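Chemist: Contents of run-v3.cif (mmCIF, C-alpha atoms) are below:
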```cif
data_my_file
#
loop_
_atom_site.label_atom_id
_atom_site.label_comp_id
_atom_site.auth_asym_id
_atom_site.auth_seq_id
_atom_site.Cartn_x
_atom_site.Cartn_y
_atom_site.Cartn_z
CA MET C 1 65.56 232.63 212.49
CA ALA C 2 61.83 231.95 212.33
CA THR C 3 60.59 228.48 211.52
CA ARG C 4 59.38 228.25 207.95
CA PHE C 5 56.56 226.04 206.76
CA GLY C 6 56.04 224.70 203.28
CA LEU C 7 59.64 224.50 202.08
CA THR C 8 58.68 222.15 199.24
CA TRP C 9 56.00 222.61 196.61
CA TRP C 10 53.78 219.99 198.31
CA GLY C 11 54.19 221.64 201.73
CA GLN C 12 53.33 224.99 200.15
CA ARG C 13 50.36 223.41 198.40
CA TRP C 14 49.07 221.99 201.72
CA ILE C 15 49.22 225.48 203.25
CA ALA C 16 47.61 226.99 200.13
CA ALA C 17 44.80 224.42 200.37
CA LEU C 18 44.38 225.37 204.03
CA GLU C 19 44.32 229.09 203.25
CA ALA C 20 41.82 228.51 200.44
CA LEU C 21 39.34 226.98 202.87
CA GLY C 22 38.00 230.43 203.53
CA TRP C 23 37.46 233.11 206.08
CA ALA C 24 36.90 230.65 208.95
CA TYR C 25 40.60 229.83 208.81
CA ALA C 26 41.87 233.30 207.94
CA ASN C 27 41.86 234.82 211.42
CA ARG C 28 43.22 231.63 213.05
CA LEU C 29 46.20 231.11 210.76
CA PRO C 30 48.58 233.71 212.25
CA ARG C 31 47.98 232.44 215.79
CA GLY C 32 48.30 228.84 214.59
CA ARG C 33 51.64 229.65 212.91
CA THR C 34 52.88 231.16 216.17
CA TYR C 35 51.87 228.06 218.11
CA ALA C 36 53.55 225.81 215.53
CA ARG C 37 56.74 227.91 215.61
CA LYS C 38 56.86 227.59 219.40
CA GLY C 39 56.89 223.81 219.04
CA THR C 40 53.62 223.30 220.89
CA VAL C 41 52.47 220.51 218.54
CA THR C 42 53.50 217.01 219.65
CA ASP C 43 52.58 213.41 218.92
CA LEU C 44 51.65 214.16 215.30
CA LYS C 45 50.42 210.97 213.62
CA VAL C 46 49.24 210.47 210.05
CA VAL C 47 47.12 207.42 209.23
CA PRO C 48 44.67 206.90 206.36
CA GLY C 49 42.01 209.59 206.62
CA LEU C 50 43.23 211.03 209.90
CA VAL C 51 45.88 213.31 211.39
CA THR C 52 46.06 213.49 215.18
CA ALA C 53 48.24 215.58 217.46
CA ARG C 54 48.45 217.21 220.85
CA VAL C 55 48.88 220.96 221.17
CA ALA C 56 50.07 222.65 224.33
CA GLY C 57 47.91 225.62 225.19
CA SER C 58 47.19 227.76 228.20
CA ARG C 59 46.08 224.78 230.29
CA ALA C 60 48.33 222.12 231.78
CA THR C 61 46.85 219.31 229.68
CA PRO C 62 47.55 219.51 225.92
CA TYR C 63 44.55 219.75 223.63
CA ARG C 64 43.73 216.82 221.34
CA VAL C 65 43.37 217.82 217.69
CA SER C 66 42.21 215.74 214.76
CA LEU C 67 41.98 216.48 211.05
CA ARG C 68 39.86 214.10 208.97
CA ILE C 69 39.98 213.80 205.21
CA PRO C 70 38.24 211.13 203.11
CA THR C 71 40.32 208.22 201.86
CA TYR C 72 39.91 206.93 198.35
CA THR C 73 38.32 203.61 197.51
CA ASP C 74 40.24 200.83 195.80
CA ALA C 75 38.48 201.77 192.53
CA GLN C 76 39.57 205.41 192.91
CA TRP C 77 43.13 204.35 193.70
CA THR C 78 43.13 202.06 190.65
CA ALA C 79 42.07 205.01 188.47
CA ALA C 80 44.68 207.25 190.12
CA THR C 81 47.46 204.70 189.77
CA HIS C 82 46.66 204.08 186.10
CA ALA C 83 46.58 207.84 185.42
CA LEU C 84 49.98 208.22 187.09
CA ALA C 85 51.42 205.16 185.33
CA ARG C 86 50.46 206.64 181.94
CA GLN C 87 52.71 209.62 182.70
CA LEU C 88 56.24 208.25 182.44
CA ARG C 89 57.73 211.27 184.24
CA HIS C 90 55.30 210.77 187.15
CA ALA C 91 56.03 207.08 187.41
CA ALA C 92 59.78 207.71 187.28
CA ALA C 93 59.65 210.48 189.89
CA LEU C 94 57.47 208.50 192.29
CA LEU C 95 59.55 205.35 191.93
CA ASP C 96 62.61 207.53 192.61
CA GLY C 97 61.00 208.82 195.83
CA ARG C 98 60.04 212.26 194.52
CA MET C 99 56.59 213.85 194.28
CA PRO C 100 55.94 215.27 190.78
CA GLU C 101 54.84 218.91 190.84
CA ASP C 102 51.88 218.42 188.54
CA ILE C 103 50.64 215.20 190.16
CA ASP C 104 47.38 216.82 191.22
CA GLU C 105 46.67 217.94 187.65
CA THR C 106 47.04 214.32 186.54
CA LEU C 107 44.82 213.12 189.39
CA ASP C 108 42.26 215.81 188.56
CA ALA C 109 41.67 214.01 185.26
CA VAL C 110 40.14 211.15 187.30
CA GLY C 111 38.36 213.50 189.72
CA LEU C 112 40.82 213.23 192.62
CA SER C 113 43.25 215.43 194.55
CA LEU C 114 45.80 214.65 197.24
CA PHE C 115 44.98 217.98 198.88
CA PRO C 116 41.78 218.71 200.81
CA GLY C 117 38.90 220.49 199.19
CA ALA C 118 36.62 222.89 201.05
CA ARG C 119 34.06 220.29 202.10
CA GLU C 120 36.47 217.41 202.64
CA LEU C 121 38.24 218.53 205.78
CA THR C 122 36.73 217.98 209.21
CA THR C 123 38.59 219.25 212.26
CA THR C 124 38.11 218.87 215.99
CA CYS C 125 39.92 220.17 219.06
CA SER C 126 39.33 219.50 222.73
CA CYS C 127 39.93 223.16 223.64
CA PRO C 128 37.05 225.32 224.93
CA ASP C 129 37.17 227.69 221.91
CA VAL C 130 33.79 227.58 220.18
CA ALA C 131 35.34 228.53 216.86
CA ASN C 132 36.29 225.70 214.57
CA PRO C 133 38.97 225.82 213.38
CA CYS C 134 40.79 227.12 216.41
CA LYS C 135 44.43 228.18 216.65
CA HIS C 136 45.37 224.66 217.79
CA VAL C 137 43.92 223.14 214.62
CA ALA C 138 45.79 225.74 212.53
CA ALA C 139 49.02 224.89 214.40
CA VAL C 140 48.59 221.23 213.48
CA HIS C 141 48.11 222.20 209.82
CA TYR C 142 51.40 224.11 209.78
CA THR C 143 53.24 221.32 211.58
CA LEU C 144 51.75 218.83 209.14
CA ALA C 145 53.05 220.96 206.23
CA GLN C 146 56.50 220.73 207.79
CA THR C 147 56.11 216.95 208.17
CA LEU C 148 54.97 216.68 204.54
CA ASP C 149 58.07 218.62 203.49
CA ALA C 150 60.13 215.76 204.96
CA ASP C 151 57.97 212.94 203.56
CA PRO C 152 55.68 213.72 200.61
CA PHE C 153 54.39 210.13 200.60
CA LEU C 154 52.32 211.03 203.65
CA LEU C 155 49.94 212.76 201.21
CA PRO C 156 48.84 209.55 199.48
CA ALA C 157 48.98 207.77 202.86
CA LEU C 158 46.47 210.28 204.20
CA ARG C 159 44.23 209.43 201.24
CA GLY C 160 44.58 205.70 201.90
CA ARG C 161 47.73 204.42 200.15
CA ASP C 162 51.06 204.18 201.92
CA ARG C 163 54.28 204.48 199.95
CA THR C 164 54.78 200.73 199.55
CA ALA C 165 51.25 200.08 198.31
CA LEU C 166 51.30 203.10 195.98
CA LEU C 167 54.60 202.12 194.39
CA ALA C 168 53.58 198.45 194.08
CA GLY C 169 50.36 199.51 192.35
CA LEU C 170 52.30 201.86 190.09
CA ARG C 171 54.76 199.11 189.12
CA ALA C 172 51.87 196.73 188.42
CA ALA C 173 50.06 199.30 186.30
CA ARG C 174 53.26 200.08 184.34
CA ALA C 175 53.70 196.34 183.74
CA GLY C 176 50.12 196.06 182.51
CA GLY C 177 48.79 194.31 185.61
CA SER C 178 46.22 195.24 188.20
CA ALA C 179 46.95 198.37 190.19
CA VAL C 180 44.78 197.43 193.16
CA THR C 181 47.13 197.17 196.12
CA SER C 182 45.48 198.10 199.39
CA ASN C 183 47.30 198.91 202.61
CA GLU C 184 45.78 195.90 204.34
#
```
For this file, write the structure as C-alpha cells.
Modeler:
Amino acid sequence: MATRFGLTWWGQRWIAALEALGWAYANRLPRGRTYARKGTVTDLKVVPGLVTARVAGSRATPYRVSLRIPTYTDAQWTAATHALARQLRHAAALLDGRMPEDIDETLDAVGLSLFPGARELTTTCSCPDVANPCKHVAAVHYTLAQTLDADPFLLPALRGRDRTALLAGLRAARAGGSAVTSNE
C-alpha cells in the first residue's frame, strides 16, 4: 500500500497550499512524493519560522533542506488569539487538542493564515539542482504534511506559538485577560 499524505484536513490543506504555489512546484511534486514515500526524509525539525530536514539523494551525503515561513508578532498573535477566543467552538476544539476546520477563515478576519501564501515560503536545498524548489524540497513538504497529520499544533508553532503558549493565550483571552503569551 502506498504511503498517503494529508490524511487530515490540515495535512490536506498544507499540500493544497503547496500545490497552489504555482508552476514552479508542479513538475517537482510527483518526484518529491516518490522520495517521501521511499522514506528518504530524515531529521525533520519544526521550530518557529523554520522546517529543516535531510533528504537522501543520489549522493552519499544527504541534502540539507530548509523551508522558511514568517512567524507572527506578539501583536498578530494577540489578534489571532482574541479572534479564536470569540469563537466558542474554536476555543473548545483547540483546548480539547483538535484543530477546527474553519480556523483559517477566522484568522483571515485578522489578516492571518496558518498556511503559507505564495510569497511567504522560502526554500533552500544543498543539492546541485538549479531549480528551486527541487524534488528534495517537495519531499520535505509531503513529509511535513504527514507530520502535521500527527500533530496539528505544529502549524501554529511554525508561525511562532507552540501548543502551550497558544492554549495559555486562548485561556487568558476567554477569561478576559491578556492573550500575549510568547514562546520565550
Chemist: By how many Å are atom CA of C:Ala17 and atom CA of C:Gly169 apart?
Modeler: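 Calculated distance between atom CA of C:Ala17 and atom CA of C:Gly169 is 26.8 Å.
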Chemist: Identify all residues satisfying the PyMOL selection byres ((chain C and resi 140-150) around 8) in the given file; provide them as a list in words.
Modeler: Phe5, Gly6, Leu7, Thr8, Trp10, Gly11, Gln12, Trp14, Ile15, Leu18, Gly32, Arg33, Ala36, Val41, Leu44, Ala53, Val55, Val65, His136, Val137, Ala138, Ala139, Asp151, Pro152, Phe153, Leu154 and Leu155 of chain C
Chemist: Could you take the residues named above and write them with C-alpha atoms, as a short mmCIF file (atom, residue, chain, number, x, y, z; two decimals), in the frame of the given file?
Modeler:
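Result saved to again18.cif:
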```cif
data_model
loop_
_atom_site.label_atom_id
_atom_site.label_comp_id
_atom_site.auth_asym_id
_atom_site.auth_seq_id
_atom_site.Cartn_x
_atom_site.Cartn_y
_atom_site.Cartn_z
CA PHE C 5 56.56 226.04 206.76
CA GLY C 6 56.04 224.70 203.28
CA LEU C 7 59.64 224.50 202.08
CA THR C 8 58.68 222.15 199.24
CA TRP C 10 53.78 219.99 198.31
CA GLY C 11 54.19 221.64 201.73
CA GLN C 12 53.33 224.99 200.15
CA TRP C 14 49.07 221.99 201.72
CA ILE C 15 49.22 225.48 203.25
CA LEU C 18 44.38 225.37 204.03
CA GLY C 32 48.30 228.84 214.59
CA ARG C 33 51.64 229.65 212.91
CA ALA C 36 53.55 225.81 215.53
CA VAL C 41 52.47 220.51 218.54
CA LEU C 44 51.65 214.16 215.30
CA ALA C 53 48.24 215.58 217.46
CA VAL C 55 48.88 220.96 221.17
CA VAL C 65 43.37 217.82 217.69
CA HIS C 136 45.37 224.66 217.79
CA VAL C 137 43.92 223.14 214.62
CA ALA C 138 45.79 225.74 212.53
CA ALA C 139 49.02 224.89 214.40
CA ASP C 151 57.97 212.94 203.56
CA PRO C 152 55.68 213.72 200.61
CA PHE C 153 54.39 210.13 200.60
CA LEU C 154 52.32 211.03 203.65
CA LEU C 155 49.94 212.76 201.21
#
```
Chemist: Expressed in Å to a single decimal, how great is the separation between atom CA of C:Glu105 and atom CA of C:Ser66?
Modeler: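 Distance reported for this atom pair: 27.6 Å.
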Chemist: Could you check which of C:Leu29, C:Leu166, C:Ala91, C:Val51 is closest to C:Pro70, using only C-alpha atoms?
Modeler: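 Looking at the shortest contact to C:Pro70, the residue is C:Val51.
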Chemist: Point out the residue among C:Arg174, C:Gly160, C:Leu167, C:Arg13 with the least atom-to-atom distance to C:Arg86, counting only C-alpha atoms.
Modeler: C:Arg174
Chemist: Distance atom CA of C:Glu101-atom CA of C:Arg89, one decimal place?
Modeler: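 For atom CA of C:Glu101 relative to atom CA of C:Arg89, the distance reads 10.5 Å.
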Chemist: Nearest residue to C:Ala60 out of C:Cys127, C:Leu94, C:Val110, C:Ala16, using all atoms listed in the file?
Modeler: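 Smallest distance to C:Ala60 is found for C:Cys127.
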